[in-house]
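Chemist: What follows is structure27.cif; its format and atoms are mmCIF, C-alpha atoms.
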```
data_structure
#
loop_
_atom_site.label_atom_id
_atom_site.label_comp_id
_atom_site.auth_asym_id
_atom_site.auth_seq_id
_atom_site.Cartn_x
_atom_site.Cartn_y
_atom_site.Cartn_z
CA MET A 1117 99.42 7.86 85.52
CA GLN A 1118 99.86 10.51 88.22
CA GLU A 1119 100.86 12.96 85.49
CA ILE A 1120 97.41 12.62 83.95
CA LYS A 1121 95.79 13.53 87.25
CA ASN A 1122 98.13 16.48 87.72
CA ASN A 1123 97.41 17.72 84.20
CA ILE A 1124 93.65 17.55 84.72
CA ILE A 1125 93.95 19.47 87.99
CA ALA A 1126 96.14 22.13 86.37
CA ILE A 1127 93.83 22.56 83.36
CA SER A 1128 90.76 22.75 85.58
CA ARG A 1129 92.48 25.39 87.71
CA ASP A 1130 93.42 27.44 84.64
CA ILE A 1131 89.86 27.27 83.34
CA SER A 1132 88.49 28.29 86.73
CA ASP A 1133 90.83 31.30 86.87
CA ILE A 1134 89.77 32.44 83.40
CA CYS A 1135 86.09 32.02 84.22
CA ILE A 1136 86.40 34.02 87.42
CA LYS A 1137 88.04 36.87 85.50
CA LYS A 1138 85.34 36.71 82.82
CA GLY A 1139 82.45 36.40 85.26
CA LYS A 1140 81.56 32.88 84.11
CA ALA A 1141 80.83 29.78 86.11
CA PRO A 1142 83.78 27.36 85.85
CA ASP A 1143 81.41 24.44 85.38
CA SER A 1144 80.02 26.11 82.26
CA ILE A 1145 83.11 24.92 80.37
CA THR A 1146 83.12 21.33 79.16
CA ILE A 1147 86.52 19.64 78.94
CA ILE A 1148 86.64 16.96 76.25
CA ALA A 1149 89.60 14.64 76.74
CA VAL A 1150 90.87 13.80 73.27
CA THR A 1151 91.88 10.15 73.41
CA LYS A 1152 93.33 9.56 69.97
CA THR A 1153 95.86 6.68 70.28
CA VAL A 1154 95.39 6.63 74.08
CA ASP A 1155 94.93 3.15 75.56
CA THR A 1156 91.82 2.36 77.57
CA ASP A 1157 93.64 1.95 80.90
CA ARG A 1158 94.77 5.57 80.71
CA ILE A 1159 91.34 6.72 79.58
CA ASN A 1160 89.70 4.95 82.51
CA TYR A 1161 92.21 6.55 84.86
CA ALA A 1162 91.36 10.00 83.47
CA ILE A 1163 87.69 9.24 84.06
CA LYS A 1164 88.46 8.38 87.69
CA CYS A 1165 90.15 11.81 87.87
CA GLY A 1166 86.94 13.56 86.85
CA ILE A 1167 86.83 13.45 83.04
CA ARG A 1168 83.27 12.91 81.81
CA ASN A 1169 83.61 13.64 78.09
CA ILE A 1170 85.76 11.64 75.66
CA GLY A 1171 86.58 12.83 72.15
CA GLU A 1172 87.74 10.59 69.34
CA ASN A 1173 88.79 11.56 65.84
CA LYS A 1174 88.14 8.20 64.22
CA VAL A 1175 85.15 5.89 64.19
CA GLN A 1176 87.38 2.82 64.41
CA GLU A 1177 88.89 4.00 67.68
CA ILE A 1178 85.45 4.49 69.20
CA MET A 1179 84.47 1.00 68.12
CA ALA A 1180 87.65 -0.52 69.55
CA LYS A 1181 87.41 1.24 72.92
CA TYR A 1182 83.69 1.63 73.55
CA GLU A 1183 83.10 -1.59 75.49
CA LYS A 1184 86.34 -1.24 77.48
CA ILE A 1185 85.53 2.06 79.12
CA GLU A 1186 84.46 1.37 82.68
CA GLU A 1187 82.05 4.19 83.41
CA ASN A 1188 79.24 6.00 81.72
CA VAL A 1189 80.80 8.94 79.86
CA ASN A 1190 79.75 11.09 76.93
CA TRP A 1191 81.49 10.18 73.68
CA HIS A 1192 82.16 12.87 71.08
CA LEU A 1193 83.10 12.34 67.45
CA ILE A 1194 85.38 15.32 66.84
CA GLY A 1195 87.15 14.32 63.62
CA HIS A 1196 86.04 14.18 60.01
CA LEU A 1197 83.16 11.73 59.60
CA GLN A 1198 82.59 9.77 56.41
CA THR A 1199 78.98 9.05 55.53
CA ASN A 1200 79.58 5.32 55.24
CA LYS A 1201 80.71 5.17 58.89
CA VAL A 1202 77.83 7.05 60.47
CA LYS A 1203 75.89 3.83 61.12
CA TYR A 1204 78.60 2.50 63.43
CA ILE A 1205 78.50 5.34 65.94
CA ILE A 1206 75.00 6.81 65.66
CA ASP A 1207 73.92 5.17 68.92
CA LYS A 1208 77.25 5.63 70.71
CA VAL A 1209 78.17 9.31 70.58
CA ALA A 1210 76.44 12.10 72.43
CA LEU A 1211 77.59 14.79 70.01
CA ILE A 1212 79.02 14.90 66.50
CA HIS A 1213 81.24 17.99 66.16
CA SER A 1214 82.13 17.80 62.50
CA VAL A 1215 79.08 18.16 60.26
CA ASP A 1216 80.33 19.93 57.16
CA SER A 1217 78.16 18.76 54.26
CA ILE A 1218 74.50 18.29 53.46
CA GLY A 1219 75.20 14.70 52.47
CA LEU A 1220 76.63 13.91 55.89
CA ALA A 1221 73.72 15.63 57.62
CA GLU A 1222 71.27 13.60 55.54
CA GLU A 1223 72.98 10.35 56.50
CA ILE A 1224 73.11 11.22 60.20
CA SER A 1225 69.45 12.18 60.15
CA LYS A 1226 68.46 9.01 58.31
CA ARG A 1227 70.44 6.72 60.61
CA ALA A 1228 69.22 8.52 63.72
CA GLU A 1229 65.59 8.22 62.71
CA LYS A 1230 66.09 4.53 61.96
CA ALA A 1231 67.49 4.09 65.47
CA GLY A 1232 64.66 6.10 67.03
CA LEU A 1233 66.98 8.99 67.89
CA VAL A 1234 67.44 12.67 67.27
CA LYS A 1235 71.19 13.27 67.09
CA ASP A 1236 72.84 16.41 68.44
CA VAL A 1237 75.40 17.88 66.03
CA LEU A 1238 77.72 20.84 65.65
CA VAL A 1239 78.52 22.53 62.38
CA GLN A 1240 82.25 22.63 61.66
CA VAL A 1241 83.32 25.97 60.23
CA ASN A 1242 86.70 26.52 58.56
CA VAL A 1243 87.02 30.09 59.77
CA ALA A 1244 90.66 30.48 58.75
CA GLN A 1245 90.03 28.93 55.30
CA GLU A 1246 92.88 26.45 55.67
CA GLU A 1247 93.07 24.06 52.75
CA THR A 1248 94.15 21.21 55.02
CA LYS A 1249 91.14 21.57 57.33
CA PHE A 1250 87.58 20.36 56.92
CA GLY A 1251 84.58 22.59 57.55
CA ILE A 1252 82.21 24.80 55.66
CA GLU A 1253 83.15 28.31 54.55
CA TYR A 1254 82.44 30.97 57.15
CA ASP A 1255 80.23 32.95 54.78
CA ASP A 1256 78.09 29.86 54.15
CA THR A 1257 77.35 29.21 57.84
CA ASP A 1258 73.93 30.87 58.01
CA SER A 1259 72.48 29.18 54.95
CA PHE A 1260 74.01 25.83 55.92
CA VAL A 1261 72.52 25.93 59.41
CA GLU A 1262 69.13 26.89 57.98
CA ARG A 1263 69.23 23.88 55.65
CA LEU A 1264 70.15 21.56 58.51
CA SER A 1265 67.23 22.85 60.56
CA GLY A 1266 64.91 20.98 58.22
CA PHE A 1267 66.27 17.51 59.07
CA SER A 1268 64.07 15.76 61.61
CA GLY A 1269 66.75 13.32 62.76
CA ILE A 1270 69.26 15.92 63.93
CA ARG A 1271 69.41 18.93 66.22
CA VAL A 1272 71.92 21.68 65.54
CA LYS A 1273 73.44 22.48 68.92
CA GLY A 1274 76.23 24.85 67.98
CA LEU A 1275 79.44 25.44 66.05
CA MET A 1276 82.97 24.05 66.04
CA THR A 1277 86.24 25.20 64.56
CA ILE A 1278 89.91 24.25 64.57
CA ALA A 1279 92.15 27.30 64.60
CA PRO A 1280 95.51 27.28 62.81
CA TYR A 1281 98.36 26.17 65.04
CA TYR A 1282 100.48 29.06 66.26
CA ASP A 1283 103.36 29.05 68.71
CA ASP A 1284 101.77 32.22 70.05
CA ALA A 1285 98.15 31.35 70.84
CA GLU A 1286 97.23 35.04 70.75
CA LEU A 1287 97.37 34.84 66.96
CA ALA A 1288 94.37 32.49 67.04
CA ARG A 1289 92.21 35.00 68.91
CA PRO A 1290 90.62 36.60 65.79
CA VAL A 1291 89.47 33.16 64.59
CA PHE A 1292 87.73 32.43 67.88
CA ARG A 1293 86.25 35.91 68.10
CA GLN A 1294 84.84 35.68 64.60
CA LEU A 1295 83.10 32.36 65.25
CA LYS A 1296 81.70 33.62 68.56
CA GLU A 1297 80.11 36.51 66.69
CA LYS A 1298 78.50 34.08 64.25
CA PHE A 1299 77.41 31.85 67.14
CA ASP A 1300 75.67 34.78 68.83
CA MET A 1301 73.98 35.88 65.60
CA LEU A 1302 72.59 32.41 64.99
CA ALA A 1303 71.50 32.10 68.61
CA ALA A 1304 69.47 35.29 68.22
CA ALA A 1305 67.99 34.28 64.87
CA GLY A 1306 65.40 31.92 66.32
CA ILE A 1307 65.83 29.25 63.65
CA PRO A 1308 63.59 26.23 64.35
CA ASN A 1309 65.43 23.07 65.46
CA VAL A 1310 68.58 25.11 66.11
CA ASN A 1311 69.81 25.70 69.66
CA MET A 1312 73.17 27.43 69.85
CA LYS A 1313 74.29 25.80 73.10
CA TYR A 1314 77.84 24.64 72.39
CA LEU A 1315 80.75 26.57 70.95
CA SER A 1316 83.53 24.01 70.53
CA MET A 1317 86.79 25.94 70.17
CA GLY A 1318 90.24 25.52 71.60
CA MET A 1319 92.77 22.73 71.97
CA THR A 1320 95.84 22.15 74.14
CA ASN A 1321 97.85 25.05 72.74
CA ASP A 1322 95.10 27.67 72.58
CA TYR A 1323 92.19 26.68 74.86
CA LYS A 1324 92.80 29.57 77.26
CA VAL A 1325 92.41 32.15 74.49
CA ALA A 1326 89.39 30.27 73.12
CA ILE A 1327 87.62 30.41 76.49
CA GLU A 1328 88.40 34.10 76.81
CA GLU A 1329 86.69 34.57 73.44
CA GLY A 1330 83.57 32.62 74.38
CA SER A 1331 84.25 28.92 73.92
CA ASN A 1332 82.35 26.67 76.32
CA MET A 1333 83.74 23.35 75.04
CA VAL A 1334 87.48 22.67 74.70
CA ARG A 1335 89.15 19.61 73.19
CA ILE A 1336 92.35 18.74 75.04
CA GLY A 1337 94.52 15.72 74.29
CA THR A 1338 98.23 16.39 74.69
CA GLY A 1339 97.57 18.67 77.66
CA ILE A 1340 96.04 15.74 79.52
CA PHE A 1341 97.77 12.63 78.19
CA GLY A 1342 101.09 14.05 77.00
CA ALA A 1343 102.66 13.85 73.56
CA ARG A 1344 101.62 10.85 71.50
CA ASN A 1345 102.85 9.04 68.42
CA TYR A 1346 100.09 9.55 65.84
CA ASP A 1347 101.79 7.17 63.43
CA LEU A 1348 100.82 4.18 65.56
#
```
Would you mind writing the file out in structure tokens?
Modeler:
Amino acid sequence: MQEIKNNIIAISRDISDICIKKGKAPDSITIIAVTKTVDTDRINYAIKCGIRNIGENKVQEIMAKYEKIEENVNWHLIGHLQTNKVKYIIDKVALIHSVDSIGLAEEISKRAEKAGLVKDVLVQVNVAQEETKFGIEYDDTDSFVERLSGFSGIRVKGLMTIAPYYDDAELARPVFRQLKEKFDMLAAAGIPNVNMKYLSMGMTNDYKVAIEEGSNMVRIGTGIFGARNYDL
């Protein structure tokens, strides 16, 4: 378990160093601990070490772990979300990162209104146009966000992307830079019900570059918990 604590300290230090160089406040960056396949004892230990945001890729993992987490943390759904599973997590997650279709937005809005909520969401953009990744096309971002602004049960709070994996994280920089430009344009557009607050970019291998390019929310799993067997 000590390794988890050491990893969190090291990541926090790296983020602080980057922020100082960029003239940002270190606490302006949200670290989301990605807990896919991680058992609840290790998650609770990470929380004791300062983690306040938990990210899960699958609805079933949220459902299995939700009651076993000891402290009040923010849950994030960061993976692809099927419309028929929205009802299970609508009252459990603070932020849904992966809205990539009008049908999904409609379902989230409907379920949120039924629960007396307005749900914060991010629009997932497939900037690199990878066939294996979810997300809307980059060129469709403006019109998609404008359509989502009309749903009363959701609030658009920003954008998310998953960059291609590169051994050299520098190669991901253009992807992050491009989405930051779109983020800034939408922030300045003054679209009702749209508040560009969160730019969710960067994972274990490339979060430093992502922060340098404007990310304020990074999703780190392996960097905190170590390598995991995703076949479990």
Chemist: As AutoDock Vina command-line options, please: the centre and edge lengths in Å, to one decimal, of an axis-aligned box enclosing every listed atom of range 1234-1252 of chain A with 4 Å added on each side.
Modeler:
```
--center_x 80.8 --center_y 21.6 --center_z 60.6 --size_x 34.7 --size_y 25.8 --size_z 23.7
```
Chemist: I need the residue set behind the PyMOL selection byres ((chain A and resi 1186) around 12) for this file; please write it as an MDAnalysis selection string.
Modeler: chainID A and resid 1156:1164 1168 1181:1185 1187:1189
Chemist: Tell me which of A:Lys1208, A:Lys1273, A:Lys1230, A:Lys1203 sits closest to Ile1170 in chain A, counting all atoms listed in the file.
Modeler: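 Closest to Ile1170 in chain A, using all atoms listed in the file: A:Lys1208.
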Chemist: Smallest atom-to-atom distance to Asp1300 in chain A: which of A:Ile1148, A:Asp1258, A:Leu1287, A:Ile1327, using only C-alpha atoms?
Modeler: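 Among the listed residues, the smallest separation from Asp1300 in chain A belongs to A:Asp1258.
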Chemist: Quick one, how far is CA of Asp1284 in chain A from CA of Val1325 in chain A?
Modeler: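 It comes out at 10.4 Å.
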Chemist: What residues come out when you apply the PyMOL selection byres ((chain A and resi 1174) around 10) to this file, written as a PyMOL selection string?
Modeler: chain A and resi 1152-1153+1171-1173+1175-1179+1193-1198+1201
Chemist: I'd like the contact shell of range 1241-1256 of chain A - 8 Å cut-off, only C-alpha atoms, skipping same-chain residues fewer than 5 positions apart - returned as a list in words.
Modeler: His1196, Ser1214, Val1215, Asp1216, Ser1217, Leu1275, Met1276, Thr1277, Ile1278, Ala1279, Pro1280, Val1291, Gln1294 and Leu1295 of chain A
Chemist: Considering only C-alpha atoms, return as a list in words whatever protein or nucleic-acid residues lie within 8 Å of Ser1225 in chain A, sequence-local ones (same chain, fewer than 4 positions apart) excluded.
Modeler: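 What passes the distance filter is Ala1221, Glu1229, Val1234, Lys1235, Phe1267, Ser1268, Gly1269 and Ile1270 of chain A.
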Chemist: Just checking: using only C-alpha atoms, which residue out of A:Ile1206, A:Ile1336, A:Leu1211, A:Val1272 ends up closest to Ile1224 in chain A?
Modeler: A:Ile1206
Chemist: Carefully work through the PyMOL selection byres ((chain A and resi 1138) around 12) for this structure and note down the residues it includes, as an mmCIF file with C-alpha atoms, keeping the file's coordinate frame.
Modeler:
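Produced file result-v6.cif, reproduced below:
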```cif
data_model
loop_
_atom_site.group_PDB
_atom_site.id
_atom_site.type_symbol
_atom_site.label_atom_id
_atom_site.label_comp_id
_atom_site.auth_asym_id
_atom_site.auth_seq_id
_atom_site.Cartn_x
_atom_site.Cartn_y
_atom_site.Cartn_z
ATOM 1 C CA ILE A 1131 89.860 27.270 83.340
ATOM 2 C CA SER A 1132 88.490 28.290 86.730
ATOM 3 C CA ASP A 1133 90.830 31.300 86.870
ATOM 4 C CA ILE A 1134 89.770 32.440 83.400
ATOM 5 C CA CYS A 1135 86.090 32.020 84.220
ATOM 6 C CA ILE A 1136 86.400 34.020 87.420
ATOM 7 C CA LYS A 1137 88.040 36.870 85.500
ATOM 8 C CA GLY A 1139 82.450 36.400 85.260
ATOM 9 C CA LYS A 1140 81.560 32.880 84.110
ATOM 10 C CA ALA A 1141 80.830 29.780 86.110
ATOM 11 C CA PRO A 1142 83.780 27.360 85.850
ATOM 12 C CA SER A 1144 80.020 26.110 82.260
ATOM 13 C CA LYS A 1324 92.800 29.570 77.260
ATOM 14 C CA VAL A 1325 92.410 32.150 74.490
ATOM 15 C CA ILE A 1327 87.620 30.410 76.490
ATOM 16 C CA GLU A 1328 88.400 34.100 76.810
ATOM 17 C CA GLU A 1329 86.690 34.570 73.440
ATOM 18 C CA GLY A 1330 83.570 32.620 74.380
ATOM 19 C CA SER A 1331 84.250 28.920 73.920
#
```
